[in-house]
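J.: This one is structure09.txt, compact mmCIF, C-alpha atoms.
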# COMPACT_ATOMS: atom_id res chain seq x y z
CA MET A 1427 0.00 0.00 0.00
CA LYS A 1428 2.83 2.38 0.87
CA GLN A 1429 4.49 1.62 -2.47
CA LEU A 1430 1.24 2.34 -4.33
CA ALA A 1431 0.82 5.64 -2.48
CA HIS A 1432 4.45 6.53 -3.23
CA ASN A 1433 4.00 5.75 -6.94
CA ARG A 1434 0.80 7.80 -7.02
CA HIS A 1435 2.60 10.78 -5.49
CA LEU A 1436 5.41 10.44 -8.02
CA LEU A 1437 2.92 10.31 -10.88
CA ASN A 1438 1.09 13.39 -9.60
CA ALA A 1439 4.39 15.24 -9.20
CA PHE A 1440 5.37 14.32 -12.76
CA LYS A 1441 2.00 15.47 -14.11
CA LEU A 1442 2.25 18.75 -12.23
CA ALA A 1443 5.79 19.33 -13.53
CA LEU A 1444 4.61 18.64 -17.08
CA GLY A 1445 1.70 21.05 -16.66
CA LEU A 1446 4.04 23.77 -15.36
CA LEU A 1447 6.40 23.11 -18.29
CA LEU A 1448 3.55 23.65 -20.74
CA LEU A 1449 2.67 26.89 -18.93
CA TYR A 1450 6.30 28.03 -19.18
CA LEU A 1451 6.41 27.20 -22.89
CA SER A 1452 3.24 29.26 -23.35
CA ILE A 1453 4.76 32.42 -21.95
CA LYS A 1454 8.55 32.13 -22.42
CA THR A 1455 8.73 34.14 -25.68
CA VAL A 1456 5.92 36.57 -24.96
CA GLU A 1457 6.43 40.32 -25.16
CA TRP A 1458 4.37 41.40 -22.17
CA GLY A 1459 3.81 44.90 -23.44
CA ILE A 1460 2.33 43.60 -26.69
CA LEU A 1461 0.20 41.11 -24.73
CA THR A 1462 -1.15 43.92 -22.52
CA GLU A 1463 -2.00 45.98 -25.60
CA ALA A 1464 -3.82 43.00 -27.14
CA LEU A 1465 -5.86 42.44 -23.98
CA ALA A 1466 -6.70 46.16 -23.84
CA THR A 1467 -8.32 46.00 -27.30
CA ILE A 1468 -10.98 43.45 -26.29
CA SER A 1469 -14.46 44.26 -27.57
CA PRO A 1470 -16.86 44.02 -24.58
CA LEU A 1471 -19.82 43.18 -26.83
CA TRP A 1472 -18.17 40.15 -28.44
CA LEU A 1473 -16.75 39.08 -25.07
CA TRP A 1474 -20.18 39.10 -23.41
CA LEU A 1475 -21.60 37.15 -26.34
CA ALA A 1476 -18.82 34.60 -25.80
CA VAL A 1477 -19.73 34.35 -22.10
CA LEU A 1478 -23.38 33.82 -23.00
CA SER A 1479 -22.38 31.05 -25.42
CA VAL A 1480 -20.43 29.33 -22.62
CA LEU A 1481 -23.50 29.48 -20.40
CA LEU A 1482 -25.60 28.09 -23.25
CA SER A 1483 -23.24 25.14 -23.74
CA LEU A 1484 -23.35 24.42 -19.99
CA ALA A 1485 -27.16 24.58 -20.01
CA LEU A 1486 -27.26 22.13 -22.93
CA LYS A 1487 -24.94 19.76 -21.07
CA VAL A 1488 -27.15 19.83 -17.97
CA TRP A 1489 -30.24 19.31 -20.14
CA ARG A 1490 -28.64 16.37 -21.96
CA TRP A 1491 -27.75 14.74 -18.65
CA ASP A 1492 -31.27 15.30 -17.34
CA VAL A 1493 -32.74 13.56 -20.41
CA LEU A 1494 -30.31 10.66 -19.95
CA LEU A 1495 -31.32 10.34 -16.31
CA ARG A 1496 -35.01 10.40 -17.23
CA ASN A 1497 -34.41 7.62 -19.74
CA TYR A 1498 -33.34 5.59 -16.71
CA GLN A 1499 -36.47 6.73 -14.81
CA ILE A 1500 -34.39 8.98 -12.54
CA ARG A 1501 -35.93 12.37 -11.87
CA LEU A 1502 -33.71 14.61 -9.80
CA PRO A 1503 -34.97 17.86 -8.28
CA LEU A 1504 -33.74 20.72 -10.46
CA VAL A 1505 -31.42 22.19 -7.84
CA LYS A 1506 -29.92 18.78 -7.06
CA LEU A 1507 -29.39 18.12 -10.78
CA ILE A 1508 -27.59 21.44 -11.35
CA SER A 1509 -25.61 21.13 -8.11
CA ALA A 1510 -24.36 17.62 -8.91
CA PHE A 1511 -23.36 18.58 -12.44
CA PHE A 1512 -21.37 21.67 -11.49
CA LEU A 1513 -19.75 20.11 -8.43
CA GLY A 1514 -18.44 17.44 -10.79
CA GLN A 1515 -17.24 20.10 -13.24
CA ALA A 1516 -15.48 21.99 -10.45
CA ALA A 1517 -13.78 18.84 -9.19
CA ASN A 1518 -12.45 18.08 -12.68
CA ILE A 1519 -11.07 21.62 -12.93
CA LEU A 1520 -9.49 21.81 -9.48
CA LEU A 1521 -8.23 18.28 -8.83
CA ILE A 1522 -5.04 16.81 -10.29
CA ILE A 1523 -7.01 13.64 -11.05
CA ARG A 1524 -10.25 13.45 -13.02
CA GLY A 1525 -12.44 12.75 -10.02
CA GLY A 1526 -15.34 14.90 -11.10
CA GLU A 1527 -17.39 11.99 -12.35
CA VAL A 1528 -17.18 10.30 -8.94
CA VAL A 1529 -18.18 13.55 -7.24
CA ARG A 1530 -21.14 13.96 -9.61
CA ILE A 1531 -22.36 10.41 -9.01
CA GLY A 1532 -22.18 10.89 -5.25
CA ALA A 1533 -23.94 14.26 -5.39
CA ALA A 1534 -26.70 12.94 -7.67
CA HIS A 1535 -27.37 9.76 -5.69
CA GLN A 1536 -30.71 9.76 -3.89
CA PRO A 1537 -30.39 7.94 -0.55
CA GLU A 1538 -33.80 6.30 -0.88
CA GLU A 1539 -33.03 4.98 -4.38
CA ASP A 1540 -30.78 2.22 -5.69
CA ASP A 1541 -29.54 4.38 -8.55
CA TRP A 1542 -25.74 4.06 -8.50
CA LEU A 1543 -25.47 1.93 -11.64
CA ALA A 1544 -27.94 4.01 -13.62
CA ILE A 1545 -26.28 7.36 -12.77
CA THR A 1546 -22.88 5.93 -13.64
CA ALA A 1547 -24.28 4.68 -16.95
CA THR A 1548 -25.61 8.14 -17.87
CA ILE A 1549 -22.20 9.69 -17.36
CA ALA A 1550 -20.50 6.89 -19.32
CA ILE A 1551 -22.91 7.43 -22.23
CA GLU A 1552 -22.29 11.18 -22.03
CA LYS A 1553 -18.50 10.68 -22.22
CA TYR A 1554 -18.87 8.23 -25.09
CA LEU A 1555 -20.94 10.73 -27.10
CA ASP A 1556 -18.39 13.50 -26.52
CA LEU A 1557 -15.52 11.21 -27.49
CA LEU A 1558 -17.41 10.18 -30.63
CA MET A 1559 -17.91 13.84 -31.55
CA LEU A 1560 -14.22 14.55 -30.91
CA VAL A 1561 -13.14 11.77 -33.27
CA VAL A 1562 -15.58 12.93 -35.96
CA LEU A 1563 -14.23 16.50 -35.74
CA MET A 1564 -10.64 15.24 -35.85
CA LEU A 1565 -11.41 13.27 -39.00
CA ILE A 1566 -12.96 16.38 -40.56
CA SER A 1567 -10.01 18.57 -39.52
CA VAL A 1568 -7.23 16.05 -40.12
CA ASN A 1569 -5.41 18.34 -42.58
CA ASN A 1570 -5.05 21.02 -39.91
CA LEU A 1571 -3.98 18.72 -37.07
CA PRO A 1572 -0.35 18.79 -35.87
CA PRO A 1573 1.56 15.47 -36.27
CA LEU A 1574 1.13 14.54 -32.59
CA ALA A 1575 -2.65 14.92 -32.82
CA VAL A 1576 -2.74 12.93 -36.08
CA GLU A 1577 -1.00 10.05 -34.27
CA LYS A 1578 -3.52 10.38 -31.45
CA LEU A 1579 -6.35 10.29 -34.00
CA GLY A 1580 -5.30 6.82 -35.18
CA SER A 1581 -5.51 5.41 -31.65
CA LEU A 1582 -8.75 7.23 -30.85
CA ARG A 1583 -10.39 6.07 -34.07
CA ILE A 1584 -9.59 2.43 -33.34
CA PHE A 1585 -10.75 2.87 -29.74
CA ILE A 1586 -14.07 4.50 -30.66
CA ILE A 1587 -14.78 1.82 -33.30
CA LEU A 1588 -14.12 -0.97 -30.81
CA LEU A 1589 -16.09 0.81 -28.08
CA THR A 1590 -19.03 1.36 -30.42
CA LEU A 1591 -18.97 -2.31 -31.43
CA ILE A 1592 -18.85 -3.42 -27.79
CA LEU A 1593 -21.72 -1.13 -26.84
CA PHE A 1594 -23.79 -2.35 -29.79
CA LEU A 1595 -23.23 -5.99 -28.86
CA MET A 1596 -24.03 -5.27 -25.20
CA VAL A 1597 -27.28 -3.48 -26.08
CA VAL A 1598 -28.41 -6.14 -28.57
CA PHE A 1599 -27.22 -9.35 -26.93
CA GLY A 1600 -26.46 -8.31 -23.33
CA PRO A 1601 -29.94 -8.87 -21.84
CA PHE A 1602 -30.24 -12.33 -23.40
CA LEU A 1603 -26.75 -13.42 -22.29
CA TRP A 1604 -27.29 -12.05 -18.78
CA GLN A 1605 -30.57 -13.93 -18.44
CA LYS A 1606 -28.93 -17.17 -19.52
CA PHE A 1607 -26.02 -16.68 -17.13
CA SER A 1608 -28.04 -15.49 -14.12
CA THR A 1609 -30.67 -18.22 -14.32
CA GLY A 1610 -28.32 -21.12 -14.97
CA GLY A 1611 -26.23 -22.99 -12.42
CA ASN A 1612 -25.43 -22.25 -8.79
CA HIS A 1613 -24.16 -18.81 -7.85
CA PRO A 1614 -22.41 -17.61 -4.68
CA ALA A 1615 -24.28 -15.63 -2.06
CA TRP A 1616 -22.79 -12.28 -3.09
CA PHE A 1617 -24.07 -12.82 -6.64
CA GLU A 1618 -27.58 -13.45 -5.36
CA LYS A 1619 -27.47 -10.07 -3.61
CA ILE A 1620 -26.43 -8.06 -6.64
CA GLN A 1621 -28.46 -9.98 -9.25
CA PRO A 1622 -31.74 -8.05 -8.68
CA LYS A 1623 -29.88 -4.74 -9.01
CA ILE A 1624 -28.29 -5.75 -12.31
CA ASP A 1625 -31.63 -7.13 -13.53
CA ARG A 1626 -33.27 -3.77 -12.88
CA PHE A 1627 -30.39 -1.89 -14.49
CA ILE A 1628 -30.51 -4.01 -17.67
CA GLN A 1629 -34.27 -3.59 -17.86
CA ALA A 1630 -33.87 0.18 -17.47
CA SER A 1631 -31.20 0.22 -20.21
CA LEU A 1632 -33.49 -1.22 -22.89
CA TRP A 1633 -34.24 2.34 -24.04
CA LEU A 1634 -30.87 2.24 -25.83
CA LYS A 1635 -32.51 0.05 -28.48
CA ASP A 1636 -35.02 2.79 -29.25
CA LEU A 1637 -33.69 5.14 -31.95
CA GLN A 1638 -36.39 7.70 -31.15
CA ARG A 1639 -34.97 8.06 -27.64
CA LEU A 1640 -31.33 7.68 -28.68
CA SER A 1641 -31.33 10.24 -31.50
CA PRO A 1642 -31.98 13.25 -29.21
CA MET A 1643 -28.73 12.41 -27.41
CA LEU A 1644 -26.85 12.79 -30.70
CA VAL A 1645 -28.64 16.07 -31.42
CA PHE A 1646 -27.76 17.40 -27.96
CA THR A 1647 -24.11 16.42 -28.41
CA ILE A 1648 -23.81 18.04 -31.84
CA ALA A 1649 -25.47 21.21 -30.51
CA ILE A 1650 -23.09 21.34 -27.52
CA TRP A 1651 -19.99 21.05 -29.68
CA VAL A 1652 -21.28 23.57 -32.23
CA VAL A 1653 -21.91 26.09 -29.44
CA MET A 1654 -18.42 25.48 -28.01
CA ALA A 1655 -16.92 26.18 -31.46
CA VAL A 1656 -19.05 29.33 -31.67
CA THR A 1657 -17.53 30.42 -28.34
CA ASN A 1658 -14.09 30.26 -29.94
CA LEU A 1659 -15.32 32.30 -32.92
CA LEU A 1660 -16.75 34.94 -30.61
CA VAL A 1661 -13.48 35.22 -28.68
CA PHE A 1662 -11.68 35.58 -32.02
CA GLN A 1663 -14.00 38.47 -32.84
CA SER A 1664 -13.44 40.08 -29.43
CA LEU A 1665 -9.73 40.37 -30.30
CA SER A 1666 -10.29 41.18 -34.00
CA ILE A 1667 -8.70 37.87 -35.02
CA GLN A 1668 -10.04 37.07 -38.48
CA LEU A 1669 -10.29 33.28 -38.37
CA ASN A 1670 -12.99 30.84 -39.47
CA TRP A 1671 -14.57 27.57 -38.37
CA ASP A 1672 -11.42 25.57 -39.16
CA ALA A 1673 -9.49 27.43 -36.48
CA ALA A 1674 -12.39 27.36 -34.00
CA VAL A 1675 -12.75 23.59 -34.34
CA LEU A 1676 -8.99 23.00 -34.12
CA VAL A 1677 -8.86 24.97 -30.87
CA LEU A 1678 -11.70 22.84 -29.54
CA ILE A 1679 -9.95 19.59 -30.47
CA LEU A 1680 -6.50 20.42 -29.10
CA ILE A 1681 -7.79 21.89 -25.82
CA TYR A 1682 -9.97 18.80 -25.28
CA LEU A 1683 -6.96 16.52 -25.83
CA GLY A 1684 -4.68 18.74 -23.77
CA VAL A 1685 -6.77 18.93 -20.60
CA LEU A 1686 -7.92 15.30 -20.69
CA PRO A 1687 -4.99 13.96 -18.59
CA ALA A 1688 -5.63 16.61 -15.85
CA LEU A 1689 -1.95 17.48 -15.49
CA MET A 1690 -2.42 20.24 -12.92
CA PRO A 1691 -5.15 21.92 -10.83
CA GLY A 1692 -7.02 24.35 -13.04
CA ASN A 1693 -5.35 22.95 -16.18
CA ILE A 1694 -4.07 26.45 -16.99
CA GLY A 1695 -0.77 25.20 -18.43
CA PRO A 1696 -2.19 22.62 -20.85
CA PHE A 1697 -5.15 24.86 -21.74
CA THR A 1698 -3.09 27.90 -22.72
CA PHE A 1699 -0.41 25.84 -24.46
CA PHE A 1700 -2.80 23.88 -26.66
CA ALA A 1701 -5.00 26.91 -27.38
CA GLN A 1702 -1.92 28.70 -28.71
CA LEU A 1703 -0.72 25.60 -30.55
CA ALA A 1704 -4.03 25.47 -32.44
CA LEU A 1705 -3.44 28.96 -33.83
CA ILE A 1706 0.08 28.30 -35.17
CA PRO A 1707 -1.16 26.98 -38.57
CA PHE A 1708 -3.10 30.23 -39.01
CA ALA A 1709 -0.08 32.52 -38.46
CA VAL A 1710 -1.50 34.31 -35.42
CA GLU A 1711 1.10 36.32 -33.51
CA ASN A 1712 2.28 34.70 -30.30
CA GLU A 1713 1.04 37.48 -28.01
CA LEU A 1714 -2.37 37.60 -29.69
CA ALA A 1715 -2.65 33.81 -29.45
CA LEU A 1716 -1.83 33.97 -25.73
CA ALA A 1717 -4.39 36.75 -25.22
CA PHE A 1718 -6.97 34.51 -26.90
CA ALA A 1719 -5.97 31.55 -24.70
CA ILE A 1720 -6.20 33.63 -21.50
CA ILE A 1721 -9.63 35.06 -22.30
CA LEU A 1722 -11.01 31.69 -23.39
CA TYR A 1723 -9.61 30.03 -20.26
CA VAL A 1724 -11.24 32.59 -17.97
CA ILE A 1725 -14.70 32.50 -19.56
CA VAL A 1726 -14.73 28.69 -19.83
CA THR A 1727 -13.32 27.94 -16.36
CA LEU A 1728 -14.94 30.54 -14.09
CA PRO A 1729 -18.67 29.88 -14.75
CA PRO A 1730 -18.60 26.21 -13.60
CA LEU A 1731 -16.57 27.16 -10.52
CA LEU A 1732 -18.86 30.05 -9.63
CA LEU A 1733 -21.99 27.97 -10.18
CA ALA A 1734 -20.56 25.12 -8.09
CA GLY A 1735 -19.75 27.59 -5.31
CA LEU A 1736 -23.25 29.04 -5.51
CA MET A 1737 -24.78 25.55 -5.27
CA MET A 1738 -22.69 24.79 -2.19
CA LEU A 1739 -23.90 27.97 -0.50
CA LEU A 1740 -27.56 27.04 -0.88
CA PRO A 1741 -29.25 25.64 2.24
CA THR A 1742 -29.40 21.84 2.31
CA LYS A 1743 -33.19 21.77 2.41
CA LYS A 1744 -33.42 23.97 -0.64
CA LYS A 1745 -31.18 21.59 -2.57
CA LEU A 1746 -33.70 18.85 -2.12
CA ARG A 1747 -36.62 20.92 -3.38
CA GLY A 1748 -37.58 21.61 -6.95
CA THR A 1749 -39.27 19.81 -9.77
CA GLY A 1750 -37.69 17.01 -11.76
Could you show the structure in this file as structure tokens?

T.:
Amino acid sequence: MKQLAHNRHLLNAFKLALGLLLLYLSIKTVEWGILTEALATISPLWLWLAVLSVLLSLALKVWRWDVLLRNYQIRLPLVKLISAFFLGQAANILLIIRGGEVVRIGAAHQPEEDDWLAITATIAIEKYLDLLMLVVLMLISVNNLPPLAVEKLGSLRIFIILLTLILFLMVVFGPFLWQKFSTGGNHPAWFEKIQPKIDRFIQASLWLKDLQRLSPMLVFTIAIWVVMAVTNLLVFQSLSIQLNWDAAVLVLILIYLGVLPALMPGNIGPFTFFAQLALIPFAVENELALAFAIILYVIVTLPPLLLAGLMMLLPTKKKLRGTG
């Protein structure tokens, strides 16, 4: 156990050092006077529109999760739903490990309900849809991707194909195979305890066979990613950077890949580095690229943290009220 803890500390130290290195690389050649001038030219109108687009993308994410939960017959009070979502977001931003999903599951769990598996499944489906969208965008933007991201695309494409195949087989054949396994032969006592829970979960998951209920999840996901790309376009406009959808999508892709390992609390190093890296193919000056990265980081990171803090300040009784 001590060895495992020691290795975990070493890994976290390495990740933090790598995150700080990326932050250093982001700022090492910057002319601070030029950066200050770039930040001083921000258009308030375009910046506020960018903030509103961030809030819209967050609202769509909460709405998508609510629909997923309802597909599993879970109806959380509105305040509890929002609180759980943003506490998870805040944990992913602040922690050096991606523990936000665990935090969200714990915050969403209703003590009187046996809903652990179903809540976990909704988050897994959510992550799968986002990963699928990422791979699709990478395939569309492959000509603009840097070599490292192109290599990553090969692995991600194979992974998403295999994951999709596994999910398809589980949805189609899983219930039948589980019934055969669970009703045949002798099972240990612990299996008898968990069998009813898994039976209920599989029964609740049958909605995945219904295209009419599955297709809205794809629509939500596409809308979320389109709005996030629009956010990048609006920040471009706020700094008078004349770039198009290709650049906005590339920023989205590289930031997503960069912050995924959660190298440091706040992810400021990876975020700013990869946001700047995305603008290199479009010949944007280093200081202007850093100004873009800073503004985007602030408007993307602060709202979830502020909303999570607001949710934590609400009285406990109020959290449990609301309509599902």

J.: Tell me which protein, DNA and RNA residues are within 7 Å of Ile1519 (chain A), counting only C-alpha atoms, leaving out same-chain ones fewer than 2 positions away, and put them as number ranges by chain.

T.: A: 1515-1517, 1521, 1691-1693

J.: May I ask which of the residues A:Pro1622, A:Leu1442, A:Glu1463, A:Val1652 is the closest one to Leu1563 (chain A), counting only C-alpha atoms?

T.: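 Nearest to Leu1563 (chain A): A:Val1652.
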
J.: Show me, as a tab-separated table, the residues of region 1573-1637 of chain A having an atom within 12 Å of region 1703-1719 of chain A, each with the closest atom pair and its distance in Å, using only C-alpha atoms.

T.:
residue	atom	partner	partner_atom	distance
A:Pro1573	CA	A:Leu1703	CA	11.9
A:Leu1574	CA	A:Leu1703	CA	11.4
A:Ala1575	CA	A:Ala1704	CA	10.6

J.: In terms of the shortest atom-to-atom distance over only C-alpha atoms, which of A:Leu1603, A:Ile1566, A:Leu1582, A:Val1661 is closest to Val1724 (chain A)?

T.: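 The answer is A:Val1661, which sits nearest to Val1724 (chain A).
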
J.: Find the residues around Arg1490 (chain A) up to 9 Å (all atoms listed in the file counted), leave out those fewer than 3 positions away in its own chain, and share them as a list of chain:residue names.

T.: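 Result of the neighbour search: A:Ala1485, A:Leu1486, A:Lys1487, A:Val1493, A:Leu1494, A:Leu1495, A:Glu1552, A:Pro1642, A:Met1643, A:Phe1646, A:Thr1647.
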
J.: Counting all atoms listed in the file, which of A:Gln1621, A:Glu1457, A:Ile1523, A:Tyr1723 gets nearest to His1435 (chain A)?

T.: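 Distance minimum relative to His1435 (chain A) lands on A:Ile1523.
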
J.: How many Å separate CA of Ile1468 (chain A) from CA of Ser1664 (chain A)?

T.: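 Separation between CA of Ile1468 (chain A) and CA of Ser1664 (chain A): 5.2 Å.
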
J.: At what distance in Å, to one decimal, does CA of Thr1548 (chain A) lie from CA of Phe1700 (chain A)?

T.: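 Interatomic distance here is 29.1 Å.
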
J.: My list of candidates is A:Trp1458, A:Trp1472, A:Phe1627, A:Phe1602. Which is closest to Leu1659 (chain A) when distances are computed with all atoms listed in the file?

T.: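 Ranked by minimum distance to Leu1659 (chain A), first place goes to A:Trp1472.
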
J.: Please determine, counting all atoms listed in the file, which residue among A:Ile1679, A:Leu1632, A:Ile1453, A:Ile1522 has the shortest atom-to-atom distance to Leu1560 (chain A).

T.: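 Counting all atoms listed in the file, the residue closest to Leu1560 (chain A) is A:Ile1679.
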
J.: Once N, CA, C and O atoms are restored for region 1640-1656 of chain A, what would the output be as a PDB file, in the frame of the given file?

T.:
ATOM      1  N   LEU A1640     -32.782   7.560 -28.570  1.00  0.00           N
ATOM      2  CA  LEU A1640     -31.330   7.680 -28.680  1.00  0.00           C
ATOM      3  C   LEU A1640     -30.927   8.881 -29.536  1.00  0.00           C
ATOM      4  O   LEU A1640     -29.934   9.567 -29.236  1.00  0.00           O
ATOM      5  N   SER A1641     -31.698   9.158 -30.574  1.00  0.00           N
ATOM      6  CA  SER A1641     -31.330  10.240 -31.500  1.00  0.00           C
ATOM      7  C   SER A1641     -31.257  11.618 -30.832  1.00  0.00           C
ATOM      8  O   SER A1641     -30.374  12.420 -31.184  1.00  0.00           O
ATOM      9  N   PRO A1642     -32.146  11.942 -29.869  1.00  0.00           N
ATOM     10  CA  PRO A1642     -31.980  13.250 -29.210  1.00  0.00           C
ATOM     11  C   PRO A1642     -30.637  13.420 -28.517  1.00  0.00           C
ATOM     12  O   PRO A1642     -30.127  14.538 -28.421  1.00  0.00           O
ATOM     13  N   MET A1643     -30.039  12.318 -28.051  1.00  0.00           N
ATOM     14  CA  MET A1643     -28.730  12.410 -27.410  1.00  0.00           C
ATOM     15  C   MET A1643     -27.669  12.865 -28.412  1.00  0.00           C
ATOM     16  O   MET A1643     -26.776  13.657 -28.081  1.00  0.00           O
ATOM     17  N   LEU A1644     -27.777  12.371 -29.649  1.00  0.00           N
ATOM     18  CA  LEU A1644     -26.850  12.790 -30.700  1.00  0.00           C
ATOM     19  C   LEU A1644     -27.068  14.264 -31.052  1.00  0.00           C
ATOM     20  O   LEU A1644     -26.101  15.008 -31.252  1.00  0.00           O
ATOM     21  N   VAL A1645     -28.331  14.676 -31.108  1.00  0.00           N
ATOM     22  CA  VAL A1645     -28.640  16.070 -31.420  1.00  0.00           C
ATOM     23  C   VAL A1645     -28.096  16.990 -30.320  1.00  0.00           C
ATOM     24  O   VAL A1645     -27.489  18.032 -30.612  1.00  0.00           O
ATOM     25  N   PHE A1646     -28.304  16.628 -29.072  1.00  0.00           N
ATOM     26  CA  PHE A1646     -27.760  17.400 -27.960  1.00  0.00           C
ATOM     27  C   PHE A1646     -26.244  17.538 -28.082  1.00  0.00           C
ATOM     28  O   PHE A1646     -25.685  18.631 -27.915  1.00  0.00           O
ATOM     29  N   THR A1647     -25.578  16.424 -28.358  1.00  0.00           N
ATOM     30  CA  THR A1647     -24.110  16.420 -28.410  1.00  0.00           C
ATOM     31  C   THR A1647     -23.601  17.298 -29.538  1.00  0.00           C
ATOM     32  O   THR A1647     -22.657  18.077 -29.354  1.00  0.00           O
ATOM     33  N   ILE A1648     -24.214  17.190 -30.710  1.00  0.00           N
ATOM     34  CA  ILE A1648     -23.810  18.040 -31.840  1.00  0.00           C
ATOM     35  C   ILE A1648     -24.026  19.510 -31.492  1.00  0.00           C
ATOM     36  O   ILE A1648     -23.149  20.360 -31.741  1.00  0.00           O
ATOM     37  N   ALA A1649     -25.169  19.823 -30.883  1.00  0.00           N
ATOM     38  CA  ALA A1649     -25.470  21.210 -30.510  1.00  0.00           C
ATOM     39  C   ALA A1649     -24.445  21.741 -29.512  1.00  0.00           C
ATOM     40  O   ALA A1649     -23.986  22.893 -29.622  1.00  0.00           O
ATOM     41  N   ILE A1650     -24.072  20.921 -28.530  1.00  0.00           N
ATOM     42  CA  ILE A1650     -23.090  21.340 -27.520  1.00  0.00           C
ATOM     43  C   ILE A1650     -21.759  21.690 -28.164  1.00  0.00           C
ATOM     44  O   ILE A1650     -21.162  22.738 -27.883  1.00  0.00           O
ATOM     45  N   TRP A1651     -21.291  20.824 -29.064  1.00  0.00           N
ATOM     46  CA  TRP A1651     -19.990  21.050 -29.680  1.00  0.00           C
ATOM     47  C   TRP A1651     -20.021  22.220 -30.666  1.00  0.00           C
ATOM     48  O   TRP A1651     -19.038  22.956 -30.790  1.00  0.00           O
ATOM     49  N   VAL A1652     -21.144  22.408 -31.338  1.00  0.00           N
ATOM     50  CA  VAL A1652     -21.280  23.570 -32.230  1.00  0.00           C
ATOM     51  C   VAL A1652     -21.214  24.866 -31.406  1.00  0.00           C
ATOM     52  O   VAL A1652     -20.516  25.819 -31.781  1.00  0.00           O
ATOM     53  N   VAL A1653     -21.917  24.902 -30.284  1.00  0.00           N
ATOM     54  CA  VAL A1653     -21.910  26.090 -29.440  1.00  0.00           C
ATOM     55  C   VAL A1653     -20.509  26.346 -28.886  1.00  0.00           C
ATOM     56  O   VAL A1653     -20.058  27.507 -28.804  1.00  0.00           O
ATOM     57  N   MET A1654     -19.786  25.291 -28.510  1.00  0.00           N
ATOM     58  CA  MET A1654     -18.420  25.480 -28.010  1.00  0.00           C
ATOM     59  C   MET A1654     -17.514  26.041 -29.099  1.00  0.00           C
ATOM     60  O   MET A1654     -16.644  26.883 -28.827  1.00  0.00           O
ATOM     61  N   ALA A1655     -17.689  25.613 -30.346  1.00  0.00           N
ATOM     62  CA  ALA A1655     -16.920  26.180 -31.460  1.00  0.00           C
ATOM     63  C   ALA A1655     -17.302  27.637 -31.679  1.00  0.00           C
ATOM     64  O   ALA A1655     -16.441  28.484 -31.965  1.00  0.00           O
ATOM     65  N   VAL A1656     -18.588  27.943 -31.541  1.00  0.00           N
ATOM     66  CA  VAL A1656     -19.050  29.330 -31.670  1.00  0.00           C
ATOM     67  C   VAL A1656     -18.394  30.211 -30.608  1.00  0.00           C
ATOM     68  O   VAL A1656     -18.034  31.366 -30.873  1.00  0.00           O
TER      69      VAL A1656
END
